[in-house]
Structures are given as C-alpha cells and as structure tokens.
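Peer 1: Structure below; questions to follow.
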Amino acid sequence: MSNATTFESDVSDRLAAEALIVDVDGFEGPLDLLLTLSRTQKVDLRQISVLALAQQYLAFIHKARDLRLELAADYLVMAAWLAFLKSRLLLPPDPSEDGPSGEELAAHLAFQLERLSAMREAAAKLMARDQLARDFFARGITEDVTRTRRVTYTATLLDLMQGYARIRTKDEFRPFVLDREKIFTMEEALGRLRGLIGFAGDWTDILSYLPDGWEIDPAKRRSATASTFAASLELAKEGKIEMRQGDVFSPIQIRKRDR
Amino acid sequence: MSEPSTDAQAVETAEESLFDAPLMAEQERMVEAILFATADPVTVTELEGRMPHGCDPAEALAYLRKRYDGRGVSLVKIGDAWALRTAPDLGFLMQKETVETRKLSRAAVETLAIVAYHQPVTRAEIEEIRGVSVSRGTVDQLIELEWIRFGRRRMTPGRPVTFVVTQDFLDHFGLESARDLPGLQELRSAGLLESRPAPGMGDAVVDEDDDGSESDDDGDQSELFDET
Amino acid sequence: MSEPSTDAQAVETAEESLFDAPLMAEQERMVEAILFATADPVTVTELEGRMPHGCDPAEALAYLRKRYDGRGVSLVKIGDAWALRTAPDLGFLMQKETVETRKLSRAAVETLAIVAYHQPVTRAEIEEIRGVSVSRGTVDQLIELEWIRFGRRRMTPGRPVTFVVTQDFLDHFGLESARDLPGLQELRSAGLLESRPAPGMGDAVVDEDDDGSESDDDGDQSELFDET
C-alpha cells in the first residue's frame, strides 16, 4: 500500500520534472525566462520590481537544480549575477565601493527586458502586416518580350562573397599541406623502427634511428625525434625492445629484446 | 492614330485640363506601361532612363497614383522605387496565387525585427537585445530571403559588419521606407531603440554615437535613426 | 467602335444608381486585381469561380475595358480569356526588358571578388590567389561591364598595371565602398562559407583582415590583405 503511494508520488514528481524540462527548453535564454517571469507581476515593465524578479528567477533555478536538471551555463551565470544584484539592492550602498549601484544595475535590467518585450511586439506587428504574395500581389505576367537580345551579365553580392570565400577557403588549406612536410608521423616512425630494430645488436641511441635528411632542419629534427621516441615507447610496450637512459638528459638507448 | 485625342480628353476630365496635359498624359501612359511590365519596383532614375528625353516621371507618377487610388491595383512607393501591387483588401481572391512561404522561426522573426528597427545593427547588438547568441542559420536564412544584407562596417574596434534591411523587405511588408515601420516613433521616444551600455562597462558599446557622425553621407538608412 | 460610348453611359448610370453601382465598381476592382496578378490570361468562367457568388465578371470586364481604353495598359481578349497587356504603341519602352541577363561565370566572379577584396591588384597576383591563370576574356569582360578598370601601375619591375573596382561596381552591388565587403569571419558566421577550414587555420587570415581595417584612409584597401 505504502509502496503504491510512493510509486505514485514518484510518477507525479517525474512528470513535474519533465514539465520543467520542457519549460526550460521553451525559453530562449535567461532574458526570455526573466521576461516570462516578469509577466506574473502584472505591471508595466517600467514599474517592475527587479528585486522580486531576481527572487523569482533564483527560486526557479533552485527548483530546477533540486530536480537535478541540466541547466545551460548562461542560466547559471544569470543566477549568480542576480544573486549579486539582490545583495546590492538589499544592503545599504557602501560609499567606498566604486562601480555601478544596485539601482543602476536594476534599471538596466528593466531596460533590457522592456526593449526585448518591445522588439517582440514589433516583430509580431511586422508579421501581422499585409505581405507580398500573401495579401497583395505583384504583376503576374511580366513582359520580357525578347525583341532585342542584348546580353548583360549579372552577379549578386552573394555570388561575389561566395566566390571569394571559395578561393580563400582553398587558400587556407594550402599551408596546412605544406606544414605536413615537416612532420614525421608516429606511424612512419613505427614502421621505420620495426624494420630497423632487427638489425641492431646492442644498445643504440634512438637519435641514430632518425630518417635520412631529418637531422639538420630543427623543425624536422624535433618532429622526427618526438615520433621516434613515441614509437620506441610503443614497441617497448609491445615487448619488442628495451629502453634505458643512463642519467637525466643523457641519450635514450634502445635494443631489441630477445625472447 | 486616335489615341492622342482620347488621351487628351481623358486627362481633361481627370485633371481639369492642364496646359501641358497631352504631354503629361502620354508620360503617365508610359510610366503605367513600364510599371505594368515588371514585377520588381522601378526607380525614378530608371524610368527617366527608359522614357524619352525631357520626361518628368516623378510628376507622371503623382498623376498615376491618383488615378489608381481606390482601384483594384494601386501604385505604391517602396524605398526610392515604385511598383503596382494589388489592393490588400482583395487578397482573398488570390488564394491561387499565394505562394507557400517558409515559416520563419521565432528567432528569425525577432532577428529581422531587430535589424529593421535598429539598423544598421551588428550581430553583437542583436545578441545583446535578444539575450542569446544568434545562430548562423538564422542570419543565413534572412540573407537568402534577401530581407537583410550586409551594411557598412561600424567604425569601432574590430570594425564589425552591420546588417540593414533591403528593398525586398520593404516591398514584402508593403512599407514605403523603414521609417514607416509600425510603432517606430513610440519605440524611439521611449528610448527603446538606443543602445544603452550596461552600467559600469562603458566604452565597449558606447560608440553607437560615433556611428552617427560617420553616417553623414547620403543614401543609407543609418541616418534614419540619428536624426530627430 | 460603338462600345465605348454605350459603356460610358452604362458606367454613368451604374455609378449614379445607389443600388448596384458600388457593387459593380467593386466587381471591376476584383477583376482588375485578378487579371493583374494572374500569370496567365483568365477566362470568364474562371473569374466567376474566383469572385464572390452572384458577380457578373463579363459586365465588369466591359467596364474595365472602357476604363483602360487609351491608357498605357489595355484589356485584351486572347482566345476566350482576358489579360492586361501594355499598349502596343509603347513597346519601345520595353526594350530594357528584353535584355537577356546571364549569370557571370565562376571565373569572372572569382576574379571580380579578388579585385574587390585586394585592389589595387595585378594580374599576376590574381593568378596567384586563384591558383590558375586568368584568361584575357575574363578581364576584358569585367572591364566591358565597367566593374573593374585599370588602376595605377605598380612600381615594381615591369611596372605591371593594376586593377581596381569602379563606382559602377559599387552601385551594382549596393556598396558604399569596397571596404564594406564583409571579411571571412563574417562570411563564415553568416553561413556563407560551406567548408570549414582546418582547425586553427582560419583565424589567421581573419585577424589580418581586422588588423588592416584599422587604418582609416579612404582610398584602396590594399593594406587589408598585403600582409597575407
């Protein structure tokens, strides 16, 4: 019996949590959420109590966290900022502290909300207007009587920008290819070591395994050394070779491991 | 050719017999024909270029506008261009002609409104107003619809590019100019079109005013919002 | 032609009569709007189907025909259908309409883009950026379109000629100056760059763009990309 009730409350909890998830998803960011919350105050946005709003928002976030919902970072940033704003609004102003007062910050937030709300209304009014090809119409029969055929060429700004973007993107890849020439990959080093290690009888400095022509150019040498070292670690792990280093910074030596 | 005489009569009755009536009547016919032949708005300059030398398309347009007043088709001004459009109250007859337009997302509609009311506006300013980042797809879609385009760069650090609305936008929403946006005056006098920096972080956003001084040359809509 | 006079009388009586006059005037507006917006000639039956019940499109057509008599546009019968057409004697005005427009070739668009973004630029530089040689025809075409022109000679061996964009170019693309062209970063954020560059590669180019943009002279924008 008691089991059944817990189960039921579990379900209702989960449903409530899911409703909230849907709600959070329905908001387009913290400002949108704040605007929606502000509607519950049922006053002109200019007379809104930012303090009450901050509390509502924090309560909302708190509840969401209790339900262990994943909240996007910007919701949490806003929560932290509102908590700060709340303390500023509640505490008497400290004259030694510089920076904007709580009232200034609150006024700006109210302005942002009013502006967003105004833009929403403007957007709605705009879309409610009579629209071309829906409410009013352009000429259906356009006369392009081909009497004289003079060819002109057109291109739009979009064509131009896309054309340029095409070339530049191509360009951006070019140095990337050039850079590869100075990179001795781990795969290449592994292949080389596997082939050579069989011929090495005794301890040999790994630097002697660098490929021909890679010892002089510092960039190439660095890359080849790193990949050869990494490759020798890999071979040591496989049990194919042994490694040793006599002292700090002294040459690293490897030799084939006999089974 | 009997047309000239009938024209003269028509104008006489319509415009109380002006001294240059026949000529102007002929010009009116020409403007009417050109506008009828095209779906896109035609500028006065373009009309001038196509009509015989010495014509005054602007005056002809004024007569023509009067003539089409209250008709099933009306002469509308779109930016600095003119076009004939069916009267909006007859839209119900045209279901056949209606093209199914892609439904714009809420983000796209809001972004469009912000560009229209705040232009020229940078991406950062759009994001500041909406409180969320603007996705690439949204701007992309509005550019593709040819409702917004890149405007001048803002003369602030980084020289961000701005967005403005296009003539297609005005045409689509039946606006003569961006000044005729619904509620523009109220929004402006309420200070809601200003870019107010957050207190304590002055410089970054303040240069809005600089933009005004920069936009003293003709043509662009930017001065639209600087004057008054 | 006896129709006009009888029609004129009909119009007068219709307009004076309090009963059906507004109705017929309204029907005339409807027919006018439908004929204007429909892409094909419309039959009377079709009109009947689209207009409210009880309308008499045939009569409305008669009034409309009279109204457009001698105007720049006339109501013509094509088979058993009706359409509004520009007056035949004004055909000479439509010559600009008959111009065939073709899309600029990809090579030309790219060359033009390079000139716009890098001006003043030599042919050798264009070839280096595009990675292919530029045909003579492409450059000639752009010059003929008056979108690019010869600039100053470069003070380097051989004194190669440079190319810059023209005022016509700026007008055509609705640009205030070539410096208003959006940079790569902006193209990318607007979703106009299809392929993403390798990580860490893209920014370099964009930064150069932004750096150069600080300079405030209004001439060319060579400094924008010279560092590249």
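Residues in the structure tokens are numbered from 1 in each chain, the chains being A, B, ... in the order shown, and ligands are numbered from 1 in the order shown.
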Could you list, with a cut-off of 7 Å and counting only C-alpha atoms, the residues of chain B near chain C, each shown with its nearest atom pair and the distance in Å rounded to one decimal, rows sorted by chain and ascending number, as a tab-separated table?

Peer 2:
residue	atom	partner	partner_atom	distance
B:Glu3	CA	C:Gly70	CA	5.7
B:Thr6	CA	C:Gly70	CA	6.5
B:Asp7	CA	C:Gly70	CA	6.0
B:Arg29	CA	C:Gly72	CA	3.9
B:Met30	CA	C:Gly72	CA	5.9
B:Glu32	CA	C:Gly72	CA	5.4
B:Ala33	CA	C:Gly72	CA	4.8
B:Ile34	CA	C:Leu93	CA	6.9
B:Phe36	CA	C:Thr86	CA	6.9
B:Ala37	CA	C:Thr86	CA	6.9
B:Arg50	CA	C:Leu93	CA	6.1
B:Met51	CA	C:Leu93	CA	6.7
B:Arg71	CA	C:Arg29	CA	5.5
B:Gly72	CA	C:Arg29	CA	3.9
B:Val73	CA	C:Ala33	CA	5.6
B:Thr86	CA	C:Ala33	CA	5.4
B:Leu90	CA	C:Met30	CA	6.8
B:Leu93	CA	C:Arg50	CA	6.1
B:Met94	CA	C:Ile34	CA	7.0
B:Glu97	CA	C:Thr38	CA	6.8
B:Arg136	CA	C:Ala190	CA	5.2
B:Gly137	CA	C:Gly191	CA	6.5
B:Val139	CA	C:Ala190	CA	5.7
B:Asp140	CA	C:Ala190	CA	5.2
B:Arg152	CA	C:Asp180	CA	5.2
B:Arg153	CA	C:Asp180	CA	5.7
B:Gly158	CA	C:Asp210	CA	5.9
B:Arg159	CA	C:Ser213	CA	6.9
B:Val161	CA	C:Pro182	CA	6.4

Peer 1: Show which residues sit within 9 Å of C:Gly151, as a ChimeraX atom specification. Count only C-alpha atoms, and ignore same-chain residues fewer than 4 positions away.

Peer 2: /C:119-121,161-165

Peer 1: For the residues selected in the previous step, produce a file with all heavy atoms as an mmCIF file, in the first residue's frame.

Peer 2:
data_model
loop_
_atom_site.group_PDB
_atom_site.id
_atom_site.type_symbol
_atom_site.label_atom_id
_atom_site.label_comp_id
_atom_site.auth_asym_id
_atom_site.auth_seq_id
_atom_site.Cartn_x
_atom_site.Cartn_y
_atom_site.Cartn_z
ATOM 1 N N GLN C 119 42.161 45.107 -54.123
ATOM 2 C CA GLN C 119 42.578 46.181 -55.006
ATOM 3 C C GLN C 119 43.546 47.157 -54.330
ATOM 4 O O GLN C 119 43.408 47.381 -53.123
ATOM 5 C CB GLN C 119 41.354 46.925 -55.528
ATOM 6 C CG GLN C 119 40.585 47.637 -54.425
ATOM 7 C CD GLN C 119 39.552 48.577 -54.988
ATOM 8 O OE1 GLN C 119 39.556 48.908 -56.130
ATOM 9 N NE2 GLN C 119 38.664 49.017 -54.120
ATOM 10 N N PRO C 120 44.481 47.785 -55.068
ATOM 11 C CA PRO C 120 44.775 47.508 -56.471
ATOM 12 C C PRO C 120 45.575 46.210 -56.588
ATOM 13 O O PRO C 120 46.457 45.955 -55.796
ATOM 14 C CB PRO C 120 45.611 48.693 -56.898
ATOM 15 C CG PRO C 120 46.251 49.173 -55.642
ATOM 16 C CD PRO C 120 45.339 48.810 -54.507
ATOM 17 N N VAL C 121 45.245 45.416 -57.597
ATOM 18 C CA VAL C 121 45.861 44.102 -57.696
ATOM 19 C C VAL C 121 46.297 43.858 -59.144
ATOM 20 O O VAL C 121 45.627 44.292 -60.080
ATOM 21 C CB VAL C 121 44.856 43.029 -57.193
ATOM 22 C CG1 VAL C 121 43.643 42.935 -58.077
ATOM 23 C CG2 VAL C 121 45.495 41.675 -57.037
ATOM 24 N N VAL C 161 50.425 46.724 -64.637
ATOM 25 C CA VAL C 161 49.230 47.516 -64.440
ATOM 26 C C VAL C 161 48.401 46.842 -63.343
ATOM 27 O O VAL C 161 48.456 45.623 -63.168
ATOM 28 C CB VAL C 161 48.457 47.634 -65.777
ATOM 29 C CG1 VAL C 161 47.641 46.383 -66.044
ATOM 30 C CG2 VAL C 161 47.596 48.867 -65.800
ATOM 31 N N THR C 162 47.653 47.638 -62.598
ATOM 32 C CA THR C 162 46.802 47.050 -61.559
ATOM 33 C C THR C 162 45.337 47.229 -61.941
ATOM 34 O O THR C 162 45.000 48.012 -62.824
ATOM 35 C CB THR C 162 47.031 47.722 -60.194
ATOM 36 O OG1 THR C 162 46.678 49.104 -60.292
ATOM 37 C CG2 THR C 162 48.459 47.577 -59.731
ATOM 38 N N PHE C 163 44.487 46.488 -61.264
ATOM 39 C CA PHE C 163 43.045 46.618 -61.468
ATOM 40 C C PHE C 163 42.377 47.070 -60.179
ATOM 41 O O PHE C 163 42.787 46.666 -59.088
ATOM 42 C CB PHE C 163 42.438 45.277 -61.906
ATOM 43 C CG PHE C 163 42.969 44.801 -63.215
ATOM 44 C CD1 PHE C 163 43.966 43.846 -63.259
ATOM 45 C CD2 PHE C 163 42.504 45.335 -64.404
ATOM 46 C CE1 PHE C 163 44.493 43.413 -64.472
ATOM 47 C CE2 PHE C 163 43.011 44.904 -65.623
ATOM 48 C CZ PHE C 163 44.012 43.942 -65.654
ATOM 49 N N VAL C 164 41.379 47.918 -60.325
ATOM 50 C CA VAL C 164 40.575 48.353 -59.181
ATOM 51 C C VAL C 164 39.101 48.255 -59.589
ATOM 52 O O VAL C 164 38.794 48.181 -60.777
ATOM 53 C CB VAL C 164 40.906 49.814 -58.756
ATOM 54 C CG1 VAL C 164 42.317 49.909 -58.223
ATOM 55 C CG2 VAL C 164 40.700 50.778 -59.908
ATOM 56 N N VAL C 165 38.205 48.280 -58.618
ATOM 57 C CA VAL C 165 36.784 48.261 -58.964
ATOM 58 C C VAL C 165 36.278 49.681 -59.214
ATOM 59 O O VAL C 165 36.886 50.649 -58.765
ATOM 60 C CB VAL C 165 35.913 47.585 -57.875
ATOM 61 C CG1 VAL C 165 36.184 46.112 -57.804
ATOM 62 C CG2 VAL C 165 36.081 48.261 -56.537
#

Peer 1: Starting from chain A, keep only residues with some atom at most 7 Å from an atom of chain B, counting only C-alpha atoms, and report them as an mmCIF file with N, CA and C atoms, in the first residue's frame.

Peer 2:
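This is the output file result09.cif:
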data_model
loop_
_atom_site.group_PDB
_atom_site.id
_atom_site.type_symbol
_atom_site.label_atom_id
_atom_site.label_comp_id
_atom_site.auth_asym_id
_atom_site.auth_seq_id
_atom_site.Cartn_x
_atom_site.Cartn_y
_atom_site.Cartn_z
ATOM 1 N N GLU A 28 14.145 31.033 -24.601
ATOM 2 C CA GLU A 28 15.321 31.369 -25.408
ATOM 3 C C GLU A 28 16.293 32.153 -24.552
ATOM 4 N N GLY A 29 16.891 31.480 -23.600
ATOM 5 C CA GLY A 29 17.901 32.113 -22.779
ATOM 6 C C GLY A 29 17.330 32.775 -21.542
ATOM 7 N N LEU A 31 17.241 35.836 -20.429
ATOM 8 C CA LEU A 31 16.483 37.082 -20.551
ATOM 9 C C LEU A 31 15.021 36.768 -20.887
ATOM 10 N N GLY A 99 31.983 51.466 -8.829
ATOM 11 C CA GLY A 99 31.167 50.639 -9.721
ATOM 12 C C GLY A 99 29.723 51.048 -9.596
ATOM 13 N N PRO A 100 28.898 50.534 -10.468
ATOM 14 C CA PRO A 100 27.505 50.957 -10.542
ATOM 15 C C PRO A 100 26.725 50.523 -9.309
ATOM 16 N N GLU A 104 21.216 51.229 -10.395
ATOM 17 C CA GLU A 104 21.611 51.389 -11.803
ATOM 18 C C GLU A 104 21.548 50.055 -12.541
ATOM 19 N N LEU A 105 22.051 49.035 -11.871
ATOM 20 C CA LEU A 105 22.042 47.705 -12.491
ATOM 21 C C LEU A 105 20.611 47.222 -12.703
ATOM 22 N N HIS A 108 19.011 48.976 -15.552
ATOM 23 C CA HIS A 108 19.459 48.488 -16.854
ATOM 24 C C HIS A 108 18.782 47.165 -17.200
ATOM 25 N N GLN A 112 16.538 46.353 -20.412
ATOM 26 C CA GLN A 112 16.749 45.229 -21.335
ATOM 27 C C GLN A 112 15.463 44.429 -21.537
ATOM 28 N N ARG A 115 13.032 46.448 -23.603
ATOM 29 C CA ARG A 115 13.450 46.502 -25.007
ATOM 30 C C ARG A 115 13.160 45.172 -25.709
ATOM 31 N N LEU A 116 13.468 44.063 -25.028
ATOM 32 C CA LEU A 116 13.203 42.760 -25.642
ATOM 33 C C LEU A 116 11.704 42.591 -25.877
ATOM 34 N N MET A 119 10.633 44.644 -28.779
ATOM 35 C CA MET A 119 11.044 44.069 -30.058
ATOM 36 C C MET A 119 10.145 42.883 -30.428
ATOM 37 N N ARG A 120 9.736 42.124 -29.420
ATOM 38 C CA ARG A 120 8.814 41.008 -29.676
ATOM 39 C C ARG A 120 7.500 41.541 -30.255
ATOM 40 N N ALA A 122 7.063 44.378 -31.739
ATOM 41 C CA ALA A 122 7.326 44.939 -33.063
ATOM 42 C C ALA A 122 7.375 43.823 -34.100
ATOM 43 N N ALA A 123 8.012 42.716 -33.718
ATOM 44 C CA ALA A 123 8.115 41.581 -34.645
ATOM 45 C C ALA A 123 6.720 41.054 -34.974
ATOM 46 N N LYS A 125 3.900 42.722 -34.840
ATOM 47 C CA LYS A 125 3.208 43.704 -35.678
ATOM 48 C C LYS A 125 3.688 43.609 -37.120
ATOM 49 N N LEU A 126 4.997 43.411 -37.249
ATOM 50 C CA LEU A 126 5.578 43.322 -38.591
ATOM 51 C C LEU A 126 4.993 42.129 -39.338
ATOM 52 N N ARG A 129 1.478 42.404 -40.696
ATOM 53 C CA ARG A 129 1.211 43.305 -41.816
ATOM 54 C C ARG A 129 0.779 42.514 -43.052
ATOM 55 N N ASP A 130 0.149 43.223 -43.964
ATOM 56 C CA ASP A 130 -0.134 42.606 -45.260
ATOM 57 C C ASP A 130 1.198 42.270 -45.917
ATOM 58 N N GLN A 131 1.283 41.077 -46.456
ATOM 59 C CA GLN A 131 2.556 40.673 -47.041
ATOM 60 C C GLN A 131 2.416 40.369 -48.530
ATOM 61 N N LEU A 132 3.518 40.668 -49.225
ATOM 62 C CA LEU A 132 3.567 40.428 -50.664
ATOM 63 C C LEU A 132 3.392 38.931 -50.930
ATOM 64 N N ALA A 133 2.634 38.620 -51.950
ATOM 65 C CA ALA A 133 2.372 37.241 -52.361
ATOM 66 C C ALA A 133 1.535 36.485 -51.342
ATOM 67 N N ARG A 134 0.979 37.206 -50.354
ATOM 68 C CA ARG A 134 0.054 36.573 -49.422
ATOM 69 C C ARG A 134 -1.221 37.419 -49.359
ATOM 70 N N ASP A 135 -1.024 38.734 -49.194
ATOM 71 C CA ASP A 135 -2.172 39.633 -49.096
ATOM 72 C C ASP A 135 -2.271 40.565 -50.296
ATOM 73 N N PHE A 136 -1.131 40.930 -50.827
ATOM 74 C CA PHE A 136 -1.155 41.717 -52.052
ATOM 75 C C PHE A 136 -0.133 41.127 -53.017
ATOM 76 N N PHE A 137 -0.309 41.449 -54.283
ATOM 77 C CA PHE A 137 0.416 40.681 -55.293
ATOM 78 C C PHE A 137 1.096 41.553 -56.326
ATOM 79 N N ALA A 138 2.178 41.020 -56.840
ATOM 80 C CA ALA A 138 2.895 41.715 -57.895
ATOM 81 C C ALA A 138 2.318 41.283 -59.240
ATOM 82 N N ARG A 139 2.775 41.928 -60.278
ATOM 83 C CA ARG A 139 2.315 41.636 -61.616
ATOM 84 C C ARG A 139 2.555 40.156 -61.945
ATOM 85 N N THR A 142 4.825 39.214 -66.400
ATOM 86 C CA THR A 142 5.856 40.220 -66.649
ATOM 87 C C THR A 142 6.261 40.101 -68.097
ATOM 88 N N GLU A 143 6.414 41.260 -68.703
ATOM 89 C CA GLU A 143 6.687 41.245 -70.136
ATOM 90 C C GLU A 143 8.171 41.299 -70.416
#

Peer 1: Could you please write out, as a ChimeraX atom specification, every residue of stretch 15-197 of chain B that DSSP assigns to alpha helix (DSSP H)?

Peer 2: /B:15,21-37,44-50,57-67,106-118,123-130,136-144,167-172,184-189

Peer 1: When you look at A:Gln253 with a cut-off of 7 Å (counting only C-alpha atoms), what residues show up, excluding the ones that are within fewer than 3 positions of it in the same chain? I need them as a VMD selection string.

Peer 2: chain A and resid 203 to 206 243 to 245

Peer 1: Save out the residues we just selected, C-alpha atoms, as an mmCIF file, in the first residue's frame.

Peer 2:
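See out-v7.cif below for the written result:
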data_model
loop_
_atom_site.group_PDB
_atom_site.id
_atom_site.type_symbol
_atom_site.label_atom_id
_atom_site.label_comp_id
_atom_site.auth_asym_id
_atom_site.auth_seq_id
_atom_site.Cartn_x
_atom_site.Cartn_y
_atom_site.Cartn_z
ATOM 1 C CA TRP A 203 72.122 -0.544 -27.130
ATOM 2 C CA THR A 204 71.784 2.219 -29.692
ATOM 3 C CA ASP A 205 70.882 5.886 -29.261
ATOM 4 C CA ILE A 206 67.364 6.414 -30.624
ATOM 5 C CA MET A 243 64.857 1.131 -23.347
ATOM 6 C CA ARG A 244 67.276 2.773 -20.978
ATOM 7 C CA GLN A 245 68.548 6.181 -20.080
#

Peer 1: Using atom CA of A:Glu187 and atom CA of A:Ile216 as the two end points, give the distance in Å to one decimal.

Peer 2: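 That distance, rounded to one decimal, is 21.4 Å.
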